[in-house]
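A.B. asks: Let me give you the structure first, and then I'll get to my questions.
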Amino acid sequence: MARRKVTVVELSKRVLWVGAEAYPLNNIARATTVRIKPERAKAVGRFLQSTVVLAVLVAGALLVLRKAELSGSDREQYEQGVMITAYVLAGLFLLKLLSVLLTRTYYALVIETAGPPRTALVTTDRELVQSLVRQIMAAIDNPQAYFKQSVTNYYGQVGDNFKVFGSGNTGKVGR
């Protein structure tokens with residue numbers, strides 16, 4: 001789950017401030033809204049696939065147990081173990097499905113400069129992000145523009161995520 005914080009988005013003196021990040025207006029080439037939508041259809045497909053595989057495995061295990069030469073009480077215990085395992089796995093599959101289905105759609109304010117695009121903020125309010133994009137582009141046209149807005153920002157992983165191991169590394173090398 002993404003964490004929340006309130007971020008102030010402010011434009012003053014030809015600088016766009018998003019929290020503590022500053023973007024000079026003359027360096028902004030583009031501002032856009034990106035929709036971050038959970039892949040619900042894929043989650044349903046994975047759930048159905050996992051459930052079918054689990055059902056086939058349980059049926060096979062029960063069939064093997066019925067054919068095995070076991071006493072009645074031993075067979076019942078093994079069958080109970082198979083069924084309990086199946087219920088636990090089905091419950092885990094369902095929890096995973098629900099976690100994706102209940103995830104909200106987020107909207108990101110992406111600012112492109114001479115460097116790579118940067119996700120400035122992420123929120124669930126699409127209208128707010130679209131409004132910020134319009135205000136930023138209007139401010140580029142009108143250097144005297146000013147606005148200040150508080151935004152509930154959702155954040156988690158933003159930007160690159162890489163690890164460097166060993167000695168003599170150069171880190172991330174651009175193209």
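Naming works like this for the structure tokens: A, B, ... for the chains as they're shown, residue 1 at the start of each chain, ligands 1 onward in shown order.
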Mind checking which residues fall within 7 Å of Ala31 of chain A, counting only C-alpha atoms, ignoring those fewer than 5 positions away in the same chain, and posting them as a list in words?
C.D. replies: Val110, Ile111, Glu112 and Val133 of chain A
A.B. asks: For Ser131 of chain A, find every residue with an atom within 12 Å (counting only C-alpha atoms), except residues of its own chain fewer than 3 positions away, and show them as a list in words.
C.D. replies: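 Non-adjacent residues within range: Val9, Ala31, Thr32, Thr33, Tyr107, Leu109, Asp125, Arg126, Glu127, Leu128, Arg134, Gln135, Ile136, Met137, Ala138, Phe147, Gln149 and Val151 of chain A.
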A.B. asks: Which residues, written as a list in words, have at least one atom at most 8 Å from Pro38 of chain A, with only C-alpha atoms counted and residues fewer than 5 positions away on the same chain left out?
C.D. replies: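 Everything that qualifies: Val100, Leu101, Thr103, Arg104 and Thr105 of chain A.
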A.B. asks: Print the selection's residues with C-alpha atoms to a file, as an mmCIF file, in the first residue's frame.
C.D. replies:
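The resulting file, selection.cif, is shown below:
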data_model
loop_
_atom_site.group_PDB
_atom_site.id
_atom_site.type_symbol
_atom_site.label_atom_id
_atom_site.label_comp_id
_atom_site.auth_asym_id
_atom_site.auth_seq_id
_atom_site.Cartn_x
_atom_site.Cartn_y
_atom_site.Cartn_z
ATOM 1 C CA VAL A 100 -5.183 -6.264 -6.741
ATOM 2 C CA LEU A 101 -8.932 -5.767 -7.216
ATOM 3 C CA THR A 103 -6.078 -1.312 -5.325
ATOM 4 C CA ARG A 104 -7.059 2.164 -6.443
ATOM 5 C CA THR A 105 -6.093 3.756 -9.732
#
A.B. asks: Which residue out of A:Ala108, A:Leu102, A:Val52, A:Leu25 has the minimum interatomic distance to Thr123 of chain A when only C-alpha atoms are used?
C.D. replies: A:Ala108
A.B. asks: Please list as a PyMOL selection string every residue within 9 Å of Glu21 of chain A, counting only C-alpha atoms and excluding residues in the same chain fewer than 4 positions away.
C.D. replies: chain A and resi 16-17+120
A.B. asks: Out of A:Ala20, A:Ala114, A:Val122, A:Ala61, which residue has the shortest atom-to-atom distance to Tyr78 of chain A when counting only C-alpha atoms?
C.D. replies: A:Ala61
A.B. asks: Please, which residues of segment 70-143 of chain A, numbered as in this document, come out strand (DSSP E or B) from DSSP, as a ChimeraX atom specification?
C.D. replies: /A:106-112,118-123
A.B. asks: Let's have the selection written as a short mmCIF file (atom, residue, chain, number, x, y, z; two decimals), in the first residue's frame, with N, CA, C and O atoms.
C.D. replies:
data_model
loop_
_atom_site.label_atom_id
_atom_site.label_comp_id
_atom_site.auth_asym_id
_atom_site.auth_seq_id
_atom_site.Cartn_x
_atom_site.Cartn_y
_atom_site.Cartn_z
N TYR A 106 -4.17 5.22 -9.63
CA TYR A 106 -3.43 6.43 -9.28
C TYR A 106 -3.12 7.22 -10.54
O TYR A 106 -3.07 6.67 -11.65
N TYR A 107 -2.87 8.51 -10.36
CA TYR A 107 -2.51 9.40 -11.45
C TYR A 107 -1.22 10.11 -11.07
O TYR A 107 -1.10 10.63 -9.96
N ALA A 108 -0.27 10.10 -11.99
CA ALA A 108 1.04 10.68 -11.71
C ALA A 108 1.23 11.94 -12.54
O ALA A 108 0.85 11.99 -13.72
N LEU A 109 1.80 12.96 -11.92
CA LEU A 109 2.24 14.16 -12.62
C LEU A 109 3.67 13.90 -13.04
O LEU A 109 4.55 13.73 -12.21
N VAL A 110 3.89 13.82 -14.35
CA VAL A 110 5.21 13.53 -14.89
C VAL A 110 5.74 14.79 -15.56
O VAL A 110 5.05 15.39 -16.39
N ILE A 111 6.94 15.18 -15.18
CA ILE A 111 7.57 16.37 -15.73
C ILE A 111 8.79 15.93 -16.52
O ILE A 111 9.65 15.22 -16.01
N GLU A 112 8.83 16.37 -17.79
CA GLU A 112 9.97 16.05 -18.64
C GLU A 112 10.83 17.28 -18.80
O GLU A 112 10.35 18.36 -19.10
N ARG A 118 10.49 12.70 -14.93
CA ARG A 118 10.44 12.50 -13.48
C ARG A 118 8.99 12.47 -13.02
O ARG A 118 8.21 13.33 -13.41
N THR A 119 8.67 11.52 -12.18
CA THR A 119 7.35 11.50 -11.55
C THR A 119 7.41 12.46 -10.37
O THR A 119 8.09 12.20 -9.39
N ALA A 120 6.71 13.59 -10.51
CA ALA A 120 6.78 14.61 -9.48
C ALA A 120 5.87 14.26 -8.30
O ALA A 120 6.24 14.47 -7.15
N LEU A 121 4.68 13.75 -8.58
CA LEU A 121 3.79 13.33 -7.50
C LEU A 121 2.78 12.34 -8.03
O LEU A 121 2.53 12.27 -9.23
N VAL A 122 2.20 11.55 -7.12
CA VAL A 122 1.21 10.54 -7.46
C VAL A 122 0.04 10.71 -6.50
O VAL A 122 0.22 10.83 -5.29
N THR A 123 -1.18 10.74 -7.06
CA THR A 123 -2.38 10.90 -6.24
C THR A 123 -3.53 10.14 -6.88
O THR A 123 -3.42 9.68 -8.02
#
A.B. asks: Out of A:Leu62, A:Leu89, A:Ile140, A:Val8, which residue has the shortest atom-to-atom distance to Ser50 of chain A when counting only C-alpha atoms?
C.D. replies: A:Leu89
A.B. asks: Neighbours of segment 64-68 of chain A within 10 Å (only C-alpha atoms; same-chain residues fewer than 6 positions away dropped), as a PyMOL selection string?
C.D. replies: chain A and resi 58+74-76+78-79+82
A.B. asks: Next, dump the selected residues to file, keeping only N, CA, C and O atoms, as a PDB file, in the first residue's frame.
C.D. replies:
ATOM      1  N   VAL A  58      -5.320 -31.450  -6.325  1.00  0.00           N
ATOM      2  CA  VAL A  58      -6.072 -32.034  -5.199  1.00  0.00           C
ATOM      3  C   VAL A  58      -6.791 -33.295  -5.660  1.00  0.00           C
ATOM      4  O   VAL A  58      -6.765 -34.329  -4.967  1.00  0.00           O
ATOM      5  N   ASP A  74      -5.835 -43.785   8.449  1.00  0.00           N
ATOM      6  CA  ASP A  74      -4.687 -43.124   7.831  1.00  0.00           C
ATOM      7  C   ASP A  74      -5.115 -42.377   6.569  1.00  0.00           C
ATOM      8  O   ASP A  74      -4.692 -41.245   6.323  1.00  0.00           O
ATOM      9  N   ARG A  75      -5.951 -43.031   5.753  1.00  0.00           N
ATOM     10  CA  ARG A  75      -6.415 -42.411   4.518  1.00  0.00           C
ATOM     11  C   ARG A  75      -7.196 -41.125   4.839  1.00  0.00           C
ATOM     12  O   ARG A  75      -7.009 -40.104   4.189  1.00  0.00           O
ATOM     13  N   GLU A  76      -8.045 -41.190   5.860  1.00  0.00           N
ATOM     14  CA  GLU A  76      -8.833 -40.005   6.236  1.00  0.00           C
ATOM     15  C   GLU A  76      -7.926 -38.868   6.687  1.00  0.00           C
ATOM     16  O   GLU A  76      -8.164 -37.708   6.337  1.00  0.00           O
ATOM     17  N   TYR A  78      -4.764 -38.319   5.800  1.00  0.00           N
ATOM     18  CA  TYR A  78      -4.077 -37.779   4.623  1.00  0.00           C
ATOM     19  C   TYR A  78      -5.036 -36.931   3.767  1.00  0.00           C
ATOM     20  O   TYR A  78      -4.666 -35.878   3.259  1.00  0.00           O
ATOM     21  N   GLU A  79      -6.266 -37.414   3.611  1.00  0.00           N
ATOM     22  CA  GLU A  79      -7.253 -36.658   2.825  1.00  0.00           C
ATOM     23  C   GLU A  79      -7.550 -35.316   3.501  1.00  0.00           C
ATOM     24  O   GLU A  79      -7.671 -34.284   2.829  1.00  0.00           O
ATOM     25  N   VAL A  82      -4.662 -33.013   2.796  1.00  0.00           N
ATOM     26  CA  VAL A  82      -4.722 -32.502   1.423  1.00  0.00           C
ATOM     27  C   VAL A  82      -5.772 -31.400   1.334  1.00  0.00           C
ATOM     28  O   VAL A  82      -5.539 -30.329   0.741  1.00  0.00           O
TER      29      VAL A  82
END
A.B. asks: What parts of segment 25-168 of chain A does DSSP call helix (DSSP H, G or I)? I'd like the answer as an mmCIF file with N, CA and C atoms, in the first residue's frame.
C.D. replies:
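Resulting contents of part.cif:
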data_model
loop_
_atom_site.group_PDB
_atom_site.id
_atom_site.type_symbol
_atom_site.label_atom_id
_atom_site.label_comp_id
_atom_site.auth_asym_id
_atom_site.auth_seq_id
_atom_site.Cartn_x
_atom_site.Cartn_y
_atom_site.Cartn_z
ATOM 1 N N LEU A 25 11.114 26.653 -14.716
ATOM 2 C CA LEU A 25 10.148 26.579 -15.805
ATOM 3 C C LEU A 25 10.817 26.511 -17.173
ATOM 4 N N ASN A 26 11.936 27.219 -17.347
ATOM 5 C CA ASN A 26 12.574 27.215 -18.657
ATOM 6 C C ASN A 26 13.203 25.865 -18.991
ATOM 7 N N ASN A 27 13.342 24.950 -18.013
ATOM 8 C CA ASN A 27 13.879 23.612 -18.267
ATOM 9 C C ASN A 27 12.784 22.577 -18.514
ATOM 10 N N ARG A 40 -6.078 -5.624 -13.230
ATOM 11 C CA ARG A 40 -7.130 -6.456 -12.636
ATOM 12 C C ARG A 40 -7.439 -7.682 -13.480
ATOM 13 N N ALA A 41 -7.508 -7.532 -14.806
ATOM 14 C CA ALA A 41 -7.824 -8.668 -15.677
ATOM 15 C C ALA A 41 -6.756 -9.751 -15.561
ATOM 16 N N LYS A 42 -5.493 -9.347 -15.523
ATOM 17 C CA LYS A 42 -4.412 -10.327 -15.360
ATOM 18 C C LYS A 42 -4.515 -11.025 -14.011
ATOM 19 N N ALA A 43 -4.888 -10.279 -12.978
ATOM 20 C CA ALA A 43 -5.013 -10.877 -11.638
ATOM 21 C C ALA A 43 -6.121 -11.921 -11.622
ATOM 22 N N VAL A 44 -7.243 -11.624 -12.268
ATOM 23 C CA VAL A 44 -8.341 -12.598 -12.333
ATOM 24 C C VAL A 44 -7.884 -13.832 -13.102
ATOM 25 N N GLY A 45 -7.166 -13.627 -14.215
ATOM 26 C CA GLY A 45 -6.658 -14.756 -14.995
ATOM 27 C C GLY A 45 -5.705 -15.625 -14.191
ATOM 28 N N ARG A 46 -4.784 -14.983 -13.455
ATOM 29 C CA ARG A 46 -3.850 -15.745 -12.615
ATOM 30 C C ARG A 46 -4.600 -16.514 -11.528
ATOM 31 N N PHE A 47 -5.626 -15.887 -10.948
ATOM 32 C CA PHE A 47 -6.413 -16.550 -9.907
ATOM 33 C C PHE A 47 -7.105 -17.786 -10.469
ATOM 34 N N LEU A 48 -7.747 -17.630 -11.621
ATOM 35 C CA LEU A 48 -8.456 -18.771 -12.221
ATOM 36 C C LEU A 48 -7.481 -19.884 -12.603
ATOM 37 N N GLN A 49 -6.343 -19.515 -13.168
ATOM 38 C CA GLN A 49 -5.341 -20.500 -13.543
ATOM 39 C C GLN A 49 -4.826 -21.240 -12.307
ATOM 40 N N SER A 50 -4.517 -20.509 -11.268
ATOM 41 C CA SER A 50 -4.021 -21.130 -10.037
ATOM 42 C C SER A 50 -5.068 -22.040 -9.409
ATOM 43 N N THR A 51 -6.321 -21.613 -9.453
ATOM 44 C CA THR A 51 -7.400 -22.408 -8.866
ATOM 45 C C THR A 51 -7.605 -23.707 -9.636
ATOM 46 N N VAL A 52 -7.544 -23.636 -10.957
ATOM 47 C CA VAL A 52 -7.698 -24.847 -11.771
ATOM 48 C C VAL A 52 -6.533 -25.808 -11.507
ATOM 49 N N VAL A 53 -5.314 -25.304 -11.472
ATOM 50 C CA VAL A 53 -4.156 -26.163 -11.198
ATOM 51 C C VAL A 53 -4.284 -26.789 -9.815
ATOM 52 N N LEU A 54 -4.709 -26.004 -8.839
ATOM 53 C CA LEU A 54 -4.891 -26.530 -7.486
ATOM 54 C C LEU A 54 -5.953 -27.627 -7.470
ATOM 55 N N ALA A 55 -7.076 -27.413 -8.170
ATOM 56 C CA ALA A 55 -8.147 -28.413 -8.205
ATOM 57 C C ALA A 55 -7.661 -29.715 -8.837
ATOM 58 N N VAL A 56 -6.882 -29.619 -9.916
ATOM 59 C CA VAL A 56 -6.352 -30.823 -10.569
ATOM 60 C C VAL A 56 -5.387 -31.552 -9.629
ATOM 61 N N LEU A 57 -4.519 -30.799 -8.950
ATOM 62 C CA LEU A 57 -3.577 -31.425 -8.018
ATOM 63 C C LEU A 57 -4.293 -32.094 -6.842
ATOM 64 N N VAL A 58 -5.320 -31.450 -6.325
ATOM 65 C CA VAL A 58 -6.072 -32.034 -5.199
ATOM 66 C C VAL A 58 -6.791 -33.295 -5.660
ATOM 67 N N ALA A 59 -7.419 -33.234 -6.838
ATOM 68 C CA ALA A 59 -8.115 -34.417 -7.354
ATOM 69 C C ALA A 59 -7.126 -35.560 -7.556
ATOM 70 N N GLY A 60 -5.955 -35.253 -8.100
ATOM 71 C CA GLY A 60 -4.935 -36.291 -8.298
ATOM 72 C C GLY A 60 -4.456 -36.867 -6.976
ATOM 73 N N ALA A 61 -4.231 -36.010 -5.989
ATOM 74 C CA ALA A 61 -3.768 -36.487 -4.678
ATOM 75 C C ALA A 61 -4.833 -37.360 -4.016
ATOM 76 N N LEU A 62 -6.086 -36.950 -4.113
ATOM 77 C CA LEU A 62 -7.154 -37.763 -3.511
ATOM 78 C C LEU A 62 -7.306 -39.100 -4.226
ATOM 79 N N LEU A 63 -7.128 -39.101 -5.534
ATOM 80 C CA LEU A 63 -7.211 -40.342 -6.310
ATOM 81 C C LEU A 63 -6.085 -41.292 -5.914
ATOM 82 N N VAL A 64 -4.882 -40.772 -5.768
ATOM 83 C CA VAL A 64 -3.740 -41.594 -5.349
ATOM 84 C C VAL A 64 -3.994 -42.154 -3.951
ATOM 85 N N LEU A 65 -4.524 -41.332 -3.053
ATOM 86 C CA LEU A 65 -4.796 -41.806 -1.689
ATOM 87 C C LEU A 65 -5.863 -42.901 -1.680
ATOM 88 N N ARG A 66 -6.855 -42.821 -2.549
ATOM 89 C CA ARG A 66 -7.903 -43.848 -2.585
ATOM 90 C C ARG A 66 -7.358 -45.175 -3.114
ATOM 91 N N LYS A 67 -6.401 -45.093 -4.026
ATOM 92 C CA LYS A 67 -5.820 -46.311 -4.609
ATOM 93 C C LYS A 67 -4.739 -46.908 -3.704
ATOM 94 N N GLY A 72 -8.163 -47.233 6.923
ATOM 95 C CA GLY A 72 -9.192 -46.198 6.791
ATOM 96 C C GLY A 72 -8.857 -44.913 7.528
ATOM 97 N N SER A 73 -8.334 -45.025 8.761
ATOM 98 C CA SER A 73 -8.039 -43.819 9.536
ATOM 99 C C SER A 73 -6.847 -43.060 8.950
ATOM 100 N N ASP A 74 -5.835 -43.785 8.449
ATOM 101 C CA ASP A 74 -4.687 -43.124 7.831
ATOM 102 C C ASP A 74 -5.115 -42.377 6.569
ATOM 103 N N ARG A 75 -5.951 -43.031 5.753
ATOM 104 C CA ARG A 75 -6.415 -42.411 4.518
ATOM 105 C C ARG A 75 -7.196 -41.125 4.839
ATOM 106 N N GLU A 76 -8.045 -41.190 5.860
ATOM 107 C CA GLU A 76 -8.833 -40.005 6.236
ATOM 108 C C GLU A 76 -7.926 -38.868 6.687
ATOM 109 N N GLN A 77 -6.897 -39.172 7.452
ATOM 110 C CA GLN A 77 -5.968 -38.128 7.901
ATOM 111 C C GLN A 77 -5.233 -37.499 6.728
ATOM 112 N N TYR A 78 -4.764 -38.319 5.800
ATOM 113 C CA TYR A 78 -4.077 -37.779 4.623
ATOM 114 C C TYR A 78 -5.036 -36.931 3.767
ATOM 115 N N GLU A 79 -6.266 -37.414 3.611
ATOM 116 C CA GLU A 79 -7.253 -36.658 2.825
ATOM 117 C C GLU A 79 -7.550 -35.316 3.501
ATOM 118 N N GLN A 80 -7.668 -35.333 4.829
ATOM 119 C CA GLN A 80 -7.881 -34.073 5.556
ATOM 120 C C GLN A 80 -6.694 -33.128 5.364
ATOM 121 N N GLY A 81 -5.488 -33.673 5.406
ATOM 122 C CA GLY A 81 -4.301 -32.848 5.191
ATOM 123 C C GLY A 81 -4.285 -32.221 3.801
ATOM 124 N N VAL A 82 -4.662 -33.013 2.796
ATOM 125 C CA VAL A 82 -4.722 -32.502 1.423
ATOM 126 C C VAL A 82 -5.772 -31.400 1.334
ATOM 127 N N MET A 83 -6.929 -31.614 1.933
ATOM 128 C CA MET A 83 -8.010 -30.619 1.842
ATOM 129 C C MET A 83 -7.668 -29.337 2.608
ATOM 130 N N ILE A 84 -7.062 -29.476 3.775
ATOM 131 C CA ILE A 84 -6.668 -28.283 4.539
ATOM 132 C C ILE A 84 -5.633 -27.485 3.757
ATOM 133 N N THR A 85 -4.657 -28.170 3.181
ATOM 134 C CA THR A 85 -3.647 -27.486 2.354
ATOM 135 C C THR A 85 -4.317 -26.774 1.179
ATOM 136 N N ALA A 86 -5.272 -27.453 0.541
ATOM 137 C CA ALA A 86 -5.979 -26.854 -0.601
ATOM 138 C C ALA A 86 -6.751 -25.610 -0.166
ATOM 139 N N TYR A 87 -7.424 -25.672 0.984
ATOM 140 C CA TYR A 87 -8.179 -24.506 1.463
ATOM 141 C C TYR A 87 -7.250 -23.329 1.782
ATOM 142 N N VAL A 88 -6.118 -23.633 2.404
ATOM 143 C CA VAL A 88 -5.167 -22.571 2.736
ATOM 144 C C VAL A 88 -4.638 -21.919 1.459
ATOM 145 N N LEU A 89 -4.249 -22.741 0.484
ATOM 146 C CA LEU A 89 -3.747 -22.182 -0.776
ATOM 147 C C LEU A 89 -4.821 -21.402 -1.518
ATOM 148 N N ALA A 90 -6.047 -21.910 -1.535
ATOM 149 C CA ALA A 90 -7.141 -21.185 -2.195
ATOM 150 C C ALA A 90 -7.387 -19.847 -1.495
ATOM 151 N N GLY A 91 -7.294 -19.843 -0.175
ATOM 152 C CA GLY A 91 -7.445 -18.586 0.565
ATOM 153 C C GLY A 91 -6.345 -17.586 0.225
ATOM 154 N N LEU A 92 -5.115 -18.067 0.111
ATOM 155 C CA LEU A 92 -4.003 -17.182 -0.275
ATOM 156 C C LEU A 92 -4.197 -16.641 -1.686
ATOM 157 N N PHE A 93 -4.647 -17.497 -2.602
ATOM 158 C CA PHE A 93 -4.923 -17.037 -3.974
ATOM 159 C C PHE A 93 -5.995 -15.949 -3.962
ATOM 160 N N LEU A 94 -7.026 -16.158 -3.142
ATOM 161 C CA LEU A 94 -8.113 -15.182 -3.061
ATOM 162 C C LEU A 94 -7.630 -13.866 -2.463
ATOM 163 N N LEU A 95 -6.811 -13.930 -1.429
ATOM 164 C CA LEU A 95 -6.263 -12.698 -0.839
ATOM 165 C C LEU A 95 -5.429 -11.921 -1.847
ATOM 166 N N LYS A 96 -4.619 -12.636 -2.616
ATOM 167 C CA LYS A 96 -3.806 -11.976 -3.645
ATOM 168 C C LYS A 96 -4.703 -11.308 -4.690
ATOM 169 N N LEU A 97 -5.755 -11.998 -5.106
ATOM 170 C CA LEU A 97 -6.698 -11.422 -6.072
ATOM 171 C C LEU A 97 -7.364 -10.179 -5.500
ATOM 172 N N LEU A 98 -7.838 -10.257 -4.272
ATOM 173 C CA LEU A 98 -8.515 -9.117 -3.657
ATOM 174 C C LEU A 98 -7.578 -7.928 -3.483
ATOM 175 N N SER A 99 -6.306 -8.198 -3.188
ATOM 176 C CA SER A 99 -5.371 -7.083 -3.020
ATOM 177 C C SER A 99 -5.221 -6.297 -4.317
ATOM 178 N N VAL A 100 -5.274 -6.973 -5.457
ATOM 179 C CA VAL A 100 -5.183 -6.264 -6.741
ATOM 180 C C VAL A 100 -6.515 -5.602 -7.079
ATOM 181 N N LEU A 101 -7.618 -6.319 -6.870
ATOM 182 C CA LEU A 101 -8.932 -5.767 -7.216
ATOM 183 C C LEU A 101 -9.281 -4.532 -6.392
ATOM 184 N N ARG A 126 -7.533 12.467 -10.325
ATOM 185 C CA ARG A 126 -7.162 12.728 -11.713
ATOM 186 C C ARG A 126 -7.355 14.188 -12.092
ATOM 187 N N GLU A 127 -8.462 14.763 -11.668
ATOM 188 C CA GLU A 127 -8.750 16.160 -12.010
ATOM 189 C C GLU A 127 -7.674 17.092 -11.462
ATOM 190 N N LEU A 128 -7.195 16.827 -10.280
ATOM 191 C CA LEU A 128 -6.152 17.643 -9.674
ATOM 192 C C LEU A 128 -4.871 17.604 -10.502
ATOM 193 N N VAL A 129 -4.460 16.410 -10.903
ATOM 194 C CA VAL A 129 -3.226 16.281 -11.681
ATOM 195 C C VAL A 129 -3.384 16.964 -13.038
ATOM 196 N N GLN A 130 -4.530 16.776 -13.677
ATOM 197 C CA GLN A 130 -4.752 17.428 -14.969
ATOM 198 C C GLN A 130 -4.763 18.946 -14.816
ATOM 199 N N SER A 131 -5.334 19.424 -13.727
ATOM 200 C CA SER A 131 -5.340 20.864 -13.460
ATOM 201 C C SER A 131 -3.915 21.385 -13.256
ATOM 202 N N LEU A 132 -3.104 20.633 -12.534
ATOM 203 C CA LEU A 132 -1.711 21.041 -12.320
ATOM 204 C C LEU A 132 -0.950 21.099 -13.649
ATOM 205 N N VAL A 133 -1.196 20.129 -14.524
ATOM 206 C CA VAL A 133 -0.532 20.138 -15.834
ATOM 207 C C VAL A 133 -0.907 21.402 -16.595
ATOM 208 N N ARG A 134 -2.205 21.742 -16.602
ATOM 209 C CA ARG A 134 -2.651 22.958 -17.300
ATOM 210 C C ARG A 134 -2.025 24.208 -16.683
ATOM 211 N N GLN A 135 -1.965 24.273 -15.359
ATOM 212 C CA GLN A 135 -1.380 25.438 -14.686
ATOM 213 C C GLN A 135 0.114 25.560 -14.976
ATOM 214 N N ILE A 136 0.812 24.428 -15.016
ATOM 215 C CA ILE A 136 2.251 24.465 -15.303
ATOM 216 C C ILE A 136 2.489 24.961 -16.722
ATOM 217 N N MET A 137 1.732 24.445 -17.666
ATOM 218 C CA MET A 137 1.931 24.860 -19.059
ATOM 219 C C MET A 137 1.529 26.324 -19.251
ATOM 220 N N ALA A 138 0.488 26.775 -18.548
ATOM 221 C CA ALA A 138 0.097 28.190 -18.631
ATOM 222 C C ALA A 138 1.188 29.071 -18.026
ATOM 223 N N ALA A 139 1.845 28.596 -16.976
ATOM 224 C CA ALA A 139 2.903 29.375 -16.337
ATOM 225 C C ALA A 139 4.123 29.495 -17.243
ATOM 226 N N ILE A 140 4.361 28.480 -18.062
ATOM 227 C CA ILE A 140 5.473 28.568 -19.013
ATOM 228 C C ILE A 140 5.197 29.680 -20.015
ATOM 229 N N ASP A 141 3.927 29.813 -20.423
ATOM 230 C CA ASP A 141 3.538 30.886 -21.351
ATOM 231 C C ASP A 141 3.518 32.247 -20.676
#
A.B. asks: Quick one: distance from atom CA of Ala29 of chain A to atom CA of Thr7 of chain A in Å, one decimal?
C.D. replies: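 Computing it gives 22.5 Å between the two atoms.
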A.B. asks: Could you state the separation of atom CA of Lys37 of chain A and atom CA of Leu11 of chain A in Å, given to one decimal place?
C.D. replies: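 Going from atom CA of Lys37 of chain A over to atom CA of Leu11 of chain A, I get 28.6 Å.
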A.B. asks: I'd like the interatomic distance between atom CA of Tyr23 of chain A and atom CA of Lys5 of chain A, to a tenth of an Å.
C.D. replies: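 Pair atom CA of Tyr23 of chain A / atom CA of Lys5 of chain A returns 20.2 Å.
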